[in-house]
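See below for upload_29.txt, which holds compact mmCIF, C-alpha atoms.
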# COMPACT_ATOMS: atom_id res chain seq x y z
CA MET A 1 -26.29 46.82 -14.60
CA ARG A 2 -28.01 48.97 -17.22
CA ASP A 3 -31.79 49.23 -17.39
CA THR A 4 -31.87 47.81 -20.92
CA THR A 5 -29.86 44.78 -19.79
CA ILE A 6 -32.29 44.15 -16.92
CA LEU A 7 -35.25 44.39 -19.30
CA ARG A 8 -33.62 42.03 -21.79
CA ARG A 9 -33.13 39.42 -19.07
CA LEU A 10 -36.65 39.87 -17.75
CA LEU A 11 -38.12 39.43 -21.21
CA ALA A 12 -36.07 36.23 -21.72
CA LEU A 13 -36.54 36.30 -25.51
CA PRO A 14 -34.05 34.94 -28.03
CA GLU A 15 -32.04 37.01 -30.53
CA ILE A 16 -33.16 40.46 -29.37
CA ARG A 17 -31.61 43.48 -27.74
CA VAL A 18 -33.45 46.21 -25.84
CA VAL A 19 -32.87 49.78 -26.96
CA GLY A 20 -35.40 51.64 -24.83
CA ALA A 21 -38.69 51.54 -22.91
CA GLU A 22 -41.54 53.80 -21.83
CA LEU A 23 -44.37 53.40 -19.34
CA GLY A 24 -47.70 54.85 -20.41
CA ALA A 25 -51.44 54.37 -20.12
CA ALA A 26 -51.32 51.29 -22.38
CA GLY A 27 -48.64 49.66 -20.24
CA LEU A 28 -44.92 49.02 -20.54
CA ILE A 29 -43.70 49.40 -24.12
CA VAL A 30 -40.23 47.99 -24.73
CA ASP A 31 -38.36 48.95 -27.91
CA VAL A 32 -36.40 45.96 -29.20
CA ARG A 33 -34.22 45.15 -32.19
CA LEU A 34 -33.15 41.86 -33.67
CA GLY A 35 -29.63 40.77 -32.87
CA ARG A 36 -29.07 39.46 -36.40
CA THR A 37 -28.47 41.18 -39.70
CA ARG A 38 -29.98 38.61 -42.05
CA LEU A 39 -33.70 38.73 -42.87
CA ARG A 40 -35.54 35.41 -42.58
CA CYS A 41 -38.68 34.34 -44.42
CA PRO A 42 -41.46 33.52 -41.92
CA ALA A 43 -42.64 30.54 -44.01
CA CYS A 44 -39.35 28.79 -44.88
CA PRO A 45 -35.64 28.73 -43.87
CA PHE A 46 -34.64 31.22 -46.59
CA ALA A 47 -32.48 34.12 -45.29
CA THR A 48 -30.90 37.10 -47.03
CA ARG A 49 -29.16 40.39 -46.28
CA ARG A 50 -31.02 42.24 -49.02
CA VAL A 51 -33.86 44.48 -47.79
CA TYR A 52 -36.83 44.88 -50.13
CA ASP A 53 -38.34 47.80 -48.15
CA ARG A 54 -39.16 48.80 -44.59
CA ARG A 55 -42.45 48.67 -42.73
CA PRO A 56 -43.88 50.78 -39.87
CA GLU A 57 -43.38 49.73 -36.29
CA ARG A 58 -45.32 46.74 -34.99
CA ARG A 59 -46.34 45.74 -31.49
CA TRP A 60 -46.61 42.32 -29.84
CA ARG A 61 -48.25 41.62 -26.51
CA HIS A 62 -45.84 39.83 -24.15
CA LEU A 63 -46.20 38.40 -20.64
CA ASP A 64 -47.10 41.03 -18.05
CA LEU A 65 -44.31 42.56 -15.98
CA GLY A 66 -45.16 43.67 -12.45
CA GLY A 67 -48.88 43.70 -13.21
CA TRP A 68 -48.38 45.98 -16.23
CA ARG A 69 -49.26 44.94 -19.75
CA CYS A 70 -46.02 44.51 -21.63
CA TYR A 71 -45.65 45.22 -25.35
CA LEU A 72 -42.67 44.77 -27.64
CA ARG A 73 -42.23 47.44 -30.32
CA MET A 74 -39.99 47.09 -33.32
CA PRO A 75 -39.78 48.31 -36.95
CA LEU A 76 -39.80 45.49 -39.49
CA ARG A 77 -38.32 45.00 -42.93
CA ARG A 78 -39.49 43.03 -45.93
CA LEU A 79 -37.60 40.60 -48.12
CA ARG A 80 -38.18 38.89 -51.41
CA CYS A 81 -38.29 35.10 -50.94
CA PRO A 82 -37.73 33.05 -54.14
CA ARG A 83 -40.52 30.69 -53.03
CA HIS A 84 -43.07 32.88 -51.23
CA GLY A 85 -42.48 36.27 -52.84
CA VAL A 86 -42.33 39.51 -50.87
CA ARG A 87 -42.86 38.80 -47.18
CA THR A 88 -42.39 40.66 -43.91
CA GLU A 89 -39.39 39.24 -42.09
CA GLY A 90 -40.02 36.65 -39.42
CA VAL A 91 -39.16 37.27 -35.79
CA PRO A 92 -37.99 34.51 -33.41
CA PHE A 93 -40.38 35.42 -30.60
CA ALA A 94 -43.75 35.48 -32.43
CA ALA A 95 -45.61 33.66 -35.20
CA ALA A 96 -46.23 35.33 -38.54
CA HIS A 97 -49.19 37.76 -38.52
CA ALA A 98 -49.63 37.25 -34.76
CA GLY A 99 -50.07 40.07 -32.28
CA HIS A 100 -48.84 38.06 -29.28
CA THR A 101 -45.49 36.51 -28.48
CA LEU A 102 -44.99 32.73 -28.43
CA ALA A 103 -44.52 32.81 -24.64
CA PHE A 104 -47.85 34.63 -24.22
CA GLU A 105 -49.64 32.12 -26.45
CA GLU A 106 -48.06 29.20 -24.61
CA LEU A 107 -49.46 30.48 -21.32
CA VAL A 108 -52.94 30.96 -22.84
CA ALA A 109 -52.87 27.38 -24.19
CA TRP A 110 -51.88 26.05 -20.76
CA GLN A 111 -54.76 27.94 -19.16
CA ALA A 112 -57.26 26.79 -21.81
CA GLN A 113 -56.83 23.19 -20.65
CA ARG A 114 -57.91 24.18 -17.15
CA LEU A 115 -60.04 27.32 -17.28
CA ASP A 116 -63.09 28.63 -19.11
CA LYS A 117 -62.66 31.38 -21.66
CA THR A 118 -64.12 34.06 -19.41
CA SER A 119 -61.50 33.39 -16.74
CA ILE A 120 -58.73 33.50 -19.35
CA THR A 121 -59.94 36.80 -20.78
CA ARG A 122 -60.04 38.40 -17.32
CA LEU A 123 -56.68 37.01 -16.24
CA MET A 124 -54.80 37.78 -19.47
CA ARG A 125 -56.85 40.88 -20.37
CA ILE A 126 -57.64 39.82 -23.91
CA SER A 127 -60.87 39.24 -25.83
CA TRP A 128 -62.70 35.95 -26.45
CA ARG A 129 -61.84 36.05 -30.13
CA SER A 130 -58.18 36.53 -29.27
CA VAL A 131 -58.26 33.36 -27.18
CA GLY A 132 -59.72 31.42 -30.11
CA ARG A 133 -57.16 32.75 -32.59
CA ILE A 134 -54.29 32.06 -30.18
CA LEU A 135 -55.42 28.44 -29.75
CA GLU A 136 -55.70 27.98 -33.51
CA ARG A 137 -52.13 29.23 -33.99
CA TRP A 138 -50.85 27.12 -31.10
CA MET A 139 -52.42 23.97 -32.54
CA ALA A 140 -51.01 24.79 -35.99
CA ARG A 141 -47.50 24.92 -34.48
CA ALA A 142 -47.91 21.92 -32.18
CA GLU A 143 -46.72 18.52 -33.26
CA ARG A 144 -49.64 16.57 -34.68
CA PRO A 145 -50.84 13.41 -32.91
CA ASP A 146 -48.99 10.37 -34.19
CA LEU A 147 -51.35 8.52 -36.54
CA SER A 148 -48.95 5.64 -37.01
CA GLY A 149 -49.73 2.46 -35.12
CA LEU A 150 -53.51 2.90 -35.22
CA ARG A 151 -55.18 -0.51 -35.09
CA ARG A 152 -58.53 -0.15 -33.34
CA ILE A 153 -60.43 3.10 -33.72
CA GLY A 154 -63.84 4.51 -32.89
CA VAL A 155 -65.72 7.02 -35.06
CA ASP A 156 -68.51 9.36 -34.00
CA GLU A 157 -69.85 12.81 -34.76
CA LYS A 158 -70.20 15.67 -32.31
CA SER A 159 -72.41 18.74 -32.67
CA TRP A 160 -70.48 21.94 -31.99
CA ARG A 161 -73.24 24.41 -32.89
CA LYS A 162 -76.99 24.48 -33.50
CA GLY A 163 -78.18 23.93 -37.04
CA HIS A 164 -76.64 20.49 -37.61
CA ARG A 165 -73.06 21.71 -37.42
CA TYR A 166 -70.89 18.68 -36.69
CA VAL A 167 -67.29 17.57 -36.36
CA THR A 168 -66.09 14.00 -36.88
CA VAL A 169 -64.06 12.55 -33.99
CA VAL A 170 -61.73 9.54 -34.40
CA PHE A 171 -60.72 7.81 -31.16
CA ASP A 172 -57.75 5.50 -30.62
CA HIS A 173 -58.98 2.60 -28.47
CA ASP A 174 -55.48 1.34 -27.68
CA ARG A 175 -53.98 4.66 -26.54
CA ARG A 176 -57.31 5.99 -25.27
CA ARG A 177 -57.10 9.43 -26.83
CA VAL A 178 -58.57 11.41 -29.69
CA ALA A 179 -56.42 10.81 -32.75
CA PHE A 180 -58.13 13.05 -35.31
CA MET A 181 -60.88 15.64 -35.60
CA THR A 182 -62.29 17.33 -38.70
CA GLU A 183 -65.27 19.45 -39.66
CA GLY A 184 -68.39 17.71 -40.96
CA GLY A 185 -70.18 14.48 -40.17
CA GLY A 186 -70.30 12.43 -43.36
CA GLU A 187 -68.34 10.16 -45.62
CA GLU A 188 -66.17 13.00 -46.91
CA SER A 189 -65.16 13.97 -43.36
CA LEU A 190 -64.01 10.45 -42.47
CA GLY A 191 -62.32 10.30 -45.86
CA ARG A 192 -60.09 13.19 -44.76
CA PHE A 193 -58.92 11.05 -41.84
CA PHE A 194 -57.99 8.18 -44.15
CA ALA A 195 -56.25 10.62 -46.49
CA ALA A 196 -54.13 11.88 -43.58
CA LEU A 197 -53.51 8.29 -42.52
CA GLY A 198 -52.26 7.22 -45.96
CA GLN A 199 -52.71 3.88 -47.71
CA THR A 200 -50.26 2.05 -45.44
CA GLY A 201 -51.90 3.36 -42.28
CA ALA A 202 -55.41 2.61 -43.59
CA ALA A 203 -54.36 -0.95 -44.43
CA ALA A 204 -53.24 -1.44 -40.81
CA ILE A 205 -56.68 -0.64 -39.32
CA GLU A 206 -58.15 -3.82 -37.85
CA LEU A 207 -61.34 -2.70 -36.07
CA VAL A 208 -63.65 0.30 -36.33
CA THR A 209 -66.45 0.96 -33.84
CA MET A 210 -69.29 3.24 -34.96
CA ASP A 211 -73.02 3.72 -34.95
CA MET A 212 -75.04 2.49 -37.91
CA SER A 213 -74.38 5.58 -40.01
CA ARG A 214 -74.25 4.61 -43.67
CA ASN A 215 -71.90 7.47 -44.47
CA TYR A 216 -69.20 6.31 -42.06
CA LEU A 217 -69.72 2.70 -43.08
CA ARG A 218 -69.23 3.52 -46.76
CA ALA A 219 -66.04 5.44 -46.00
CA VAL A 220 -64.59 2.47 -44.08
CA GLN A 221 -65.62 -0.03 -46.75
CA ARG A 222 -63.94 2.05 -49.46
CA ARG A 223 -60.78 3.14 -47.64
CA ALA A 224 -60.16 0.24 -45.24
CA PRO A 225 -62.11 -2.77 -46.55
CA GLN A 226 -60.06 -5.19 -44.42
CA ALA A 227 -61.22 -3.56 -41.15
CA GLU A 228 -63.85 -5.35 -39.11
CA VAL A 229 -66.77 -3.05 -38.26
CA CYS A 230 -68.22 -3.20 -34.73
CA PHE A 231 -71.54 -1.44 -34.23
CA ASP A 232 -71.73 0.32 -30.89
CA PRO A 233 -74.07 -1.54 -28.46
CA PHE A 234 -75.44 1.71 -27.06
CA HIS A 235 -76.74 2.77 -30.47
CA VAL A 236 -78.14 -0.71 -31.21
CA VAL A 237 -80.19 -0.71 -27.97
CA THR A 238 -81.18 2.94 -28.48
CA LEU A 239 -82.82 2.06 -31.79
CA ALA A 240 -84.92 -0.58 -30.03
CA ASN A 241 -85.89 1.90 -27.31
CA PHE A 242 -86.93 4.40 -29.97
CA ALA A 243 -89.07 1.77 -31.75
CA LEU A 244 -90.74 0.88 -28.44
CA ASP A 245 -91.51 4.53 -27.72
CA GLN A 246 -93.07 4.90 -31.17
CA VAL A 247 -95.37 1.96 -30.44
CA ARG A 248 -96.31 3.54 -27.10
CA ARG A 249 -97.21 6.81 -28.85
CA GLU A 250 -99.32 4.91 -31.39
CA GLU A 251 -101.23 3.13 -28.61
CA TRP A 252 -101.91 6.45 -26.89
CA ASN A 253 -103.26 8.01 -30.10
CA ARG A 254 -105.23 4.86 -30.96
CA ALA A 255 -106.99 4.94 -27.59
CA ARG A 256 -107.87 8.61 -28.01
CA ARG A 257 -109.26 8.07 -31.52
CA ALA A 258 -111.28 5.08 -30.37
CA GLY A 259 -112.81 7.09 -27.55
CA THR A 260 -111.45 4.74 -24.88
CA ASP A 261 -109.62 5.80 -21.76
CA PRO A 262 -105.91 6.39 -22.72
CA ARG A 263 -104.81 6.50 -19.08
CA ALA A 264 -103.72 2.86 -19.26
CA VAL A 265 -100.84 4.03 -21.48
CA LYS A 266 -100.16 7.29 -19.66
CA HIS A 267 -96.99 7.58 -17.56
CA THR A 268 -95.67 4.25 -18.87
CA ARG A 269 -92.72 5.59 -20.86
CA TRP A 270 -90.02 5.23 -18.20
CA ALA A 271 -91.40 1.95 -16.93
CA LEU A 272 -91.04 0.55 -20.45
CA LEU A 273 -87.58 1.96 -21.15
CA LYS A 274 -85.98 1.46 -17.75
CA HIS A 275 -83.73 -1.49 -16.91
CA PRO A 276 -85.95 -4.18 -15.25
CA ALA A 277 -83.62 -4.46 -12.25
CA ARG A 278 -84.07 -0.74 -11.45
CA LEU A 279 -87.86 -0.56 -11.65
CA SER A 280 -89.76 0.88 -8.70
CA ALA A 281 -92.78 -0.90 -7.21
CA ALA A 282 -95.15 1.50 -8.98
CA GLN A 283 -93.42 0.93 -12.33
CA ARG A 284 -93.66 -2.84 -11.88
CA THR A 285 -97.38 -2.43 -11.30
CA LEU A 286 -97.65 -0.40 -14.52
CA LEU A 287 -95.86 -3.13 -16.48
CA GLY A 288 -98.21 -5.74 -15.05
CA ALA A 289 -101.20 -3.68 -16.21
CA ILE A 290 -99.69 -3.37 -19.70
CA ARG A 291 -99.12 -7.12 -19.88
CA ARG A 292 -102.76 -7.81 -19.04
CA GLY A 293 -104.40 -5.05 -21.07
CA ASN A 294 -102.27 -4.06 -24.08
CA ALA A 295 -100.88 -6.94 -26.15
CA ARG A 296 -99.18 -4.76 -28.79
CA LEU A 297 -97.29 -2.63 -26.27
CA TRP A 298 -96.25 -5.67 -24.23
CA ARG A 299 -95.03 -7.40 -27.40
CA ALA A 300 -92.92 -4.34 -28.21
CA TYR A 301 -91.52 -4.36 -24.65
CA GLU A 302 -90.49 -8.03 -24.94
CA LEU A 303 -88.77 -7.34 -28.27
CA LYS A 304 -86.85 -4.45 -26.70
CA GLU A 305 -85.70 -6.74 -23.89
CA MET A 306 -84.53 -9.30 -26.44
CA VAL A 307 -82.22 -6.66 -27.94
CA ARG A 308 -80.87 -5.80 -24.50
CA ALA A 309 -80.26 -9.51 -23.85
CA ILE A 310 -77.88 -9.65 -26.83
CA TYR A 311 -75.28 -7.92 -24.66
CA ALA A 312 -76.22 -9.57 -21.35
CA GLY A 313 -75.28 -13.14 -22.33
CA ALA A 314 -72.18 -15.17 -21.63
CA GLY A 315 -70.57 -14.74 -25.04
CA VAL A 316 -70.96 -14.42 -28.76
CA GLU A 317 -72.99 -17.64 -29.14
CA ASP A 318 -75.63 -16.39 -26.71
CA ALA A 319 -75.63 -13.04 -28.50
CA ARG A 320 -76.12 -14.75 -31.86
CA ALA A 321 -79.07 -16.74 -30.51
CA TRP A 322 -80.77 -13.67 -29.06
CA LEU A 323 -80.14 -11.61 -32.20
CA ASP A 324 -81.47 -14.28 -34.56
CA GLY A 325 -84.45 -14.81 -32.25
CA PHE A 326 -85.21 -11.09 -32.26
CA ILE A 327 -85.01 -10.84 -36.06
CA HIS A 328 -87.31 -13.87 -36.48
CA ARG A 329 -89.89 -12.68 -33.97
CA ALA A 330 -89.83 -8.97 -34.87
CA ARG A 331 -90.50 -9.63 -38.56
CA ARG A 332 -93.67 -11.51 -37.55
CA SER A 333 -94.75 -9.20 -34.75
CA ARG A 334 -97.14 -7.08 -36.84
CA LEU A 335 -95.31 -4.05 -35.43
CA ARG A 336 -93.97 -2.10 -38.38
CA GLN A 337 -91.36 -0.28 -36.28
CA PHE A 338 -89.79 -3.52 -35.11
CA ALA A 339 -90.17 -5.23 -38.49
CA LYS A 340 -88.15 -2.38 -40.01
CA LEU A 341 -85.61 -2.64 -37.18
CA ALA A 342 -85.30 -6.39 -37.76
CA ASP A 343 -84.32 -5.77 -41.39
CA LEU A 344 -81.70 -3.25 -40.26
CA TYR A 345 -80.24 -5.68 -37.70
CA ARG A 346 -80.20 -8.46 -40.27
CA ASP A 347 -78.19 -6.31 -42.69
CA HIS A 348 -75.73 -5.36 -39.91
CA ARG A 349 -75.73 -8.72 -38.12
CA GLU A 350 -71.99 -9.39 -38.33
CA GLY A 351 -71.10 -5.90 -37.08
CA ILE A 352 -73.42 -6.30 -34.06
CA LEU A 353 -71.87 -9.67 -33.18
CA ALA A 354 -68.32 -8.35 -33.75
CA ALA A 355 -68.82 -5.81 -30.98
CA VAL A 356 -69.73 -8.64 -28.59
CA ARG A 357 -66.83 -10.80 -29.76
CA HIS A 358 -64.21 -8.08 -29.22
CA GLY A 359 -65.85 -6.40 -26.24
CA LEU A 360 -65.56 -2.99 -27.91
CA SER A 361 -67.91 -0.04 -27.87
CA ASN A 362 -67.87 3.73 -28.27
CA ALA A 363 -68.40 4.22 -24.53
CA ARG A 364 -65.11 6.06 -24.00
CA LEU A 365 -65.77 8.16 -27.08
CA GLU A 366 -69.26 9.00 -25.80
CA GLY A 367 -67.66 10.03 -22.51
CA LEU A 368 -65.29 12.31 -24.41
CA ASN A 369 -68.28 13.75 -26.26
CA ASN A 370 -69.72 14.77 -22.90
CA ARG A 371 -66.44 16.50 -22.08
CA LEU A 372 -66.50 18.25 -25.46
CA ALA A 373 -70.05 19.40 -24.75
CA LEU A 374 -68.81 20.85 -21.45
CA LEU A 375 -66.01 22.69 -23.28
CA ASN A 376 -68.58 24.10 -25.68
CA HIS A 377 -70.84 25.16 -22.82
CA ARG A 378 -68.18 26.83 -20.68
CA SER A 379 -66.91 28.72 -23.75
CA ALA A 380 -70.44 29.98 -24.53
CA GLY A 381 -70.20 28.52 -28.03
CA PHE A 382 -67.81 29.07 -30.93
CA HIS A 383 -67.94 31.12 -34.11
CA SER A 384 -66.03 28.56 -36.19
CA ALA A 385 -65.39 24.85 -36.22
CA GLU A 386 -61.63 25.54 -36.30
CA ALA A 387 -61.78 27.34 -32.94
CA PHE A 388 -63.83 24.52 -31.40
CA MET A 389 -61.52 21.81 -32.74
CA ALA A 390 -58.43 23.70 -31.57
CA LEU A 391 -59.70 23.83 -27.98
CA ALA A 392 -61.08 20.29 -28.14
CA MET A 393 -57.86 18.74 -29.42
CA LEU A 394 -55.85 20.77 -26.92
CA CYS A 395 -57.91 19.35 -24.03
CA VAL A 396 -58.50 15.74 -25.15
CA GLY A 397 -55.82 15.11 -27.77
CA GLY A 398 -52.92 14.46 -25.41
CA TYR A 399 -51.20 17.84 -25.82
CA THR A 400 -49.14 19.27 -22.96
CA PRO A 401 -48.42 23.01 -23.26
CA ALA A 402 -45.42 24.07 -21.21
CA LEU A 403 -45.48 27.09 -18.93
CA PRO A 404 -43.16 29.67 -20.53
CA PHE A 405 -41.29 30.47 -17.33
CA HIS A 406 -40.56 26.83 -16.42
Would you write the structure of this file as structure tokens?
Amino acid sequence: MRDTTILRRLLALPEIRVVGAELGAAGLIVDVRLGRTRLRCPACPFATRRVYDRRPERRWRHLDLGGWRCYLRMPLRRLRCPRHGVRTEGVPFAAAHAGHTLAFEELVAWQAQRLDKTSITRLMRISWRSVGRILERWMARAERPDLSGLRRIGVDEKSWRKGHRYVTVVFDHDRRRVAFMTEGGGEESLGRFFAALGQTGAAAIELVTMDMSRNYLRAVQRRAPQAEVCFDPFHVVTLANFALDQVRREEWNRARRAGTDPRAVKHTRWALLKHPARLSAAQRTLLGAIRRGNARLWRAYELKEMVRAIYAGAGVEDARAWLDGFIHRARRSRLRQFAKLADLYRDHREGILAAVRHGLSNARLEGLNNRLALLNHRSAGFHSAEAFMALAMLCVGGYTPALPFH
């Protein structure tokens, strides 16, 4: 068997023939030619025999052979496409403008689901930026997640870089996977999801879980007004915890300004915010001291517990009673933080109760956000939202890259 035939079989690439090879400092360079005579446009099915002009040789990185870097080398021609103009002919083994073969990129995508970027760069002997560009091209070629059949979705934003750089994540509650991801964290970002979904798909949305972001709420009300909005219980309780902590800070500063001993408020933060069933003996003692000596802080603590009780009852009727009781008491508590919170809960009352009625939350989406944060950390950050979203969707969007040699 000839050497060129052996190399052609080892490369396992379609529509090529091997005409030569050389082994140098850069690695194994294999000279190949296309086994067809017609030139094909890389952006559409157009093909022609007419050559517009010829281009210098190009190289593509392929899978290593015997531990050596392997490159394909081939001169290219250009054609005139009636739709896209003058373009360099497409090759069957690599994407347009790519410096790596499809098989190489498939292997990198498979590794990206399981390894950090540093491990991939050492194993494949490529740069970090090359990994990001490969993943972007792989995701552009991959079949998009099926947006049909979406009924119950969750919406949240995820920071991918410092400086308030966010992406919007849409989660499919029924199939338990990320259905869509786009740059930005406002109404326009969620609007891009509804645009991709189409009017028919938007009309089929029944439930949307979210935090109390006005931007997301406006987008849902405009694009899918029939959908029932469920406000995530975690965010509802977090707002009450934040209001309680503000009251605690005020009491600390008030004691200092009055010249009294502020130690009665010191070290009480976690005792106030912690679940009552998980309090230590020392924290229970602190709460007892607050109850006897600080009426405002104890009142704030009781209001916070009323919010937590909304989700601890037997059903939606208990939740409604606790919510209405909180709104009534908070507005008369003489605590401006909780009076403001009561107005917010009153305006979003039906969305809070809907989450209890349907038993839905953004808990799975929050768990995915933790996984996305881990991806961001192990990659040492990203230079663009596209690179972050490509890796994120690859790892949590239900994609399954195939090993090229299987």
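Each of A:Gly325, A:Gly184, A:Gly359, A:Gly397 was checked against Glu302 in chain A using all atoms listed in the file; the smallest atom-to-atom distance is that of A:Gly325.
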*Find the residues near range 226-234 of chain A: any atom within 10 Å, counting only C-alpha atoms, skip ones fewer than 3 places away on the same chain, and give them as a VMD selection string.*
chain A and resid 151 to 155 202 to 213 217 220 to 223 237 to 239 307 to 308 310 to 311 348 to 363 366
*Go through A:Val91, A:Ala240, A:Leu394, A:Ala258 and flag the residue nearest Arg38 in chain A, using all atoms listed in the file for the distances.*
A:Val91
*asked:* List the spatial neighbours of Leu287 in chain A as a list in words - criterion: any atom at most 8 Å away, all atoms listed in the file, same-chain residues fewer than 6 positions off excluded.
replied: Thr268, Ala271 and Leu272 of chain A
Create the file for the chosen residues now, containing C-alpha atoms and written as a short mmCIF file (atom, residue, chain, number, x, y, z; two decimals), keeping the file's coordinate frame.
data_model
loop_
_atom_site.label_atom_id
_atom_site.label_comp_id
_atom_site.auth_asym_id
_atom_site.auth_seq_id
_atom_site.Cartn_x
_atom_site.Cartn_y
_atom_site.Cartn_z
CA THR A 268 -95.67 4.25 -18.87
CA ALA A 271 -91.40 1.95 -16.93
CA LEU A 272 -91.04 0.55 -20.45
#
*So, counting only C-alpha atoms, which residue among A:Arg87, A:Arg33, A:Arg61, A:Arg125 is closest to Phe104 in chain A?*
A:Arg61
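Using all atoms listed in the file, the nearest neighbour of His275 in chain A within the list A:Arg257, A:Glu305, A:Gly27, A:Arg292 is A:Glu305.
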*Counting all atoms listed in the file, the residue of A:Leu79, A:Ala179, A:Val170, A:Leu28 that sits nearest Asp146 in chain A*: A:Ala179
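Environment of (-59.1, 32.1, -29.3): residues at most 10 Å away, judged by only C-alpha atoms, are A:Glu105, A:Val108, A:Ala109, A:Ala112, A:Lys117, A:Thr121, A:Ile126, A:Ser127, A:Trp128, A:Arg129, A:Ser130, A:Val131, A:Gly132, A:Arg133, A:Ile134, A:Leu135, A:Glu136, A:Arg137, A:Trp138, A:Phe382, A:Glu386, A:Ala387, A:Phe388, A:Ala390, A:Leu391.
Selecting by distance to (-59.1, 15.1, -25.1) with a limit of 9 Å and using only C-alpha atoms, one obtains Arg177, Val178, Leu368, Arg371, Leu372, Ala392, Met393, Leu394, Cys395, Val396, Gly397, Gly398 and Tyr399 of chain A.
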_Closest of A:Arg278, A:His62, A:Arg114, A:Arg55 to Leu11 in chain A - atom-to-atom distances counting all atoms listed in the file_ = A:His62
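Between CA of Pro92 in chain A and CA of Arg59 in chain A the interatomic distance comes to 14.1 Å.
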*What's the 9 Å shell around range 71-76 of chain A, counting all atoms listed in the file, without same-chain residues fewer than 5 positions away, as a PyMOL selection string?*
chain A and resi 26-34+54-64+88-90+100-101
*Tell me, as a list in words, which residues lie within 10 Å of Tyr301 in chain A, counting all atoms listed in the file; anything in the same chain fewer than 4 positions away does not count.*
Ala240, Asn241, Ala243, Leu244, Asp245, Val247, Arg248, Ala271, Leu272, Leu273, Leu287, Ile290, Arg291, Ala295, Arg296, Leu297, Glu305 and Met306 of chain A
Given 4 Å of margin on each side, can you work out the centre and size in Å (one decimal) of an axis-aligned box holding every listed atom of range 3-21 of chain A, as JSON?
{"center_x": -34.3, "center_y": 43.3, "center_z": -23.7, "size_x": 16.8, "size_y": 24.7, "size_z": 21.6}
_Exercise: Leu341 in chain A partners within 10 Å, all atoms listed in the file, chain neighbours under 6 positions left out, as an NGL selection string_ = :A and (236 or 239-240 or 243 or 326-327 or 330-331 or 335 or 347)
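Computed from the coordinates, the CA of Ala43 in chain A to CA of Arg83 in chain A distance equals 9.3 Å.
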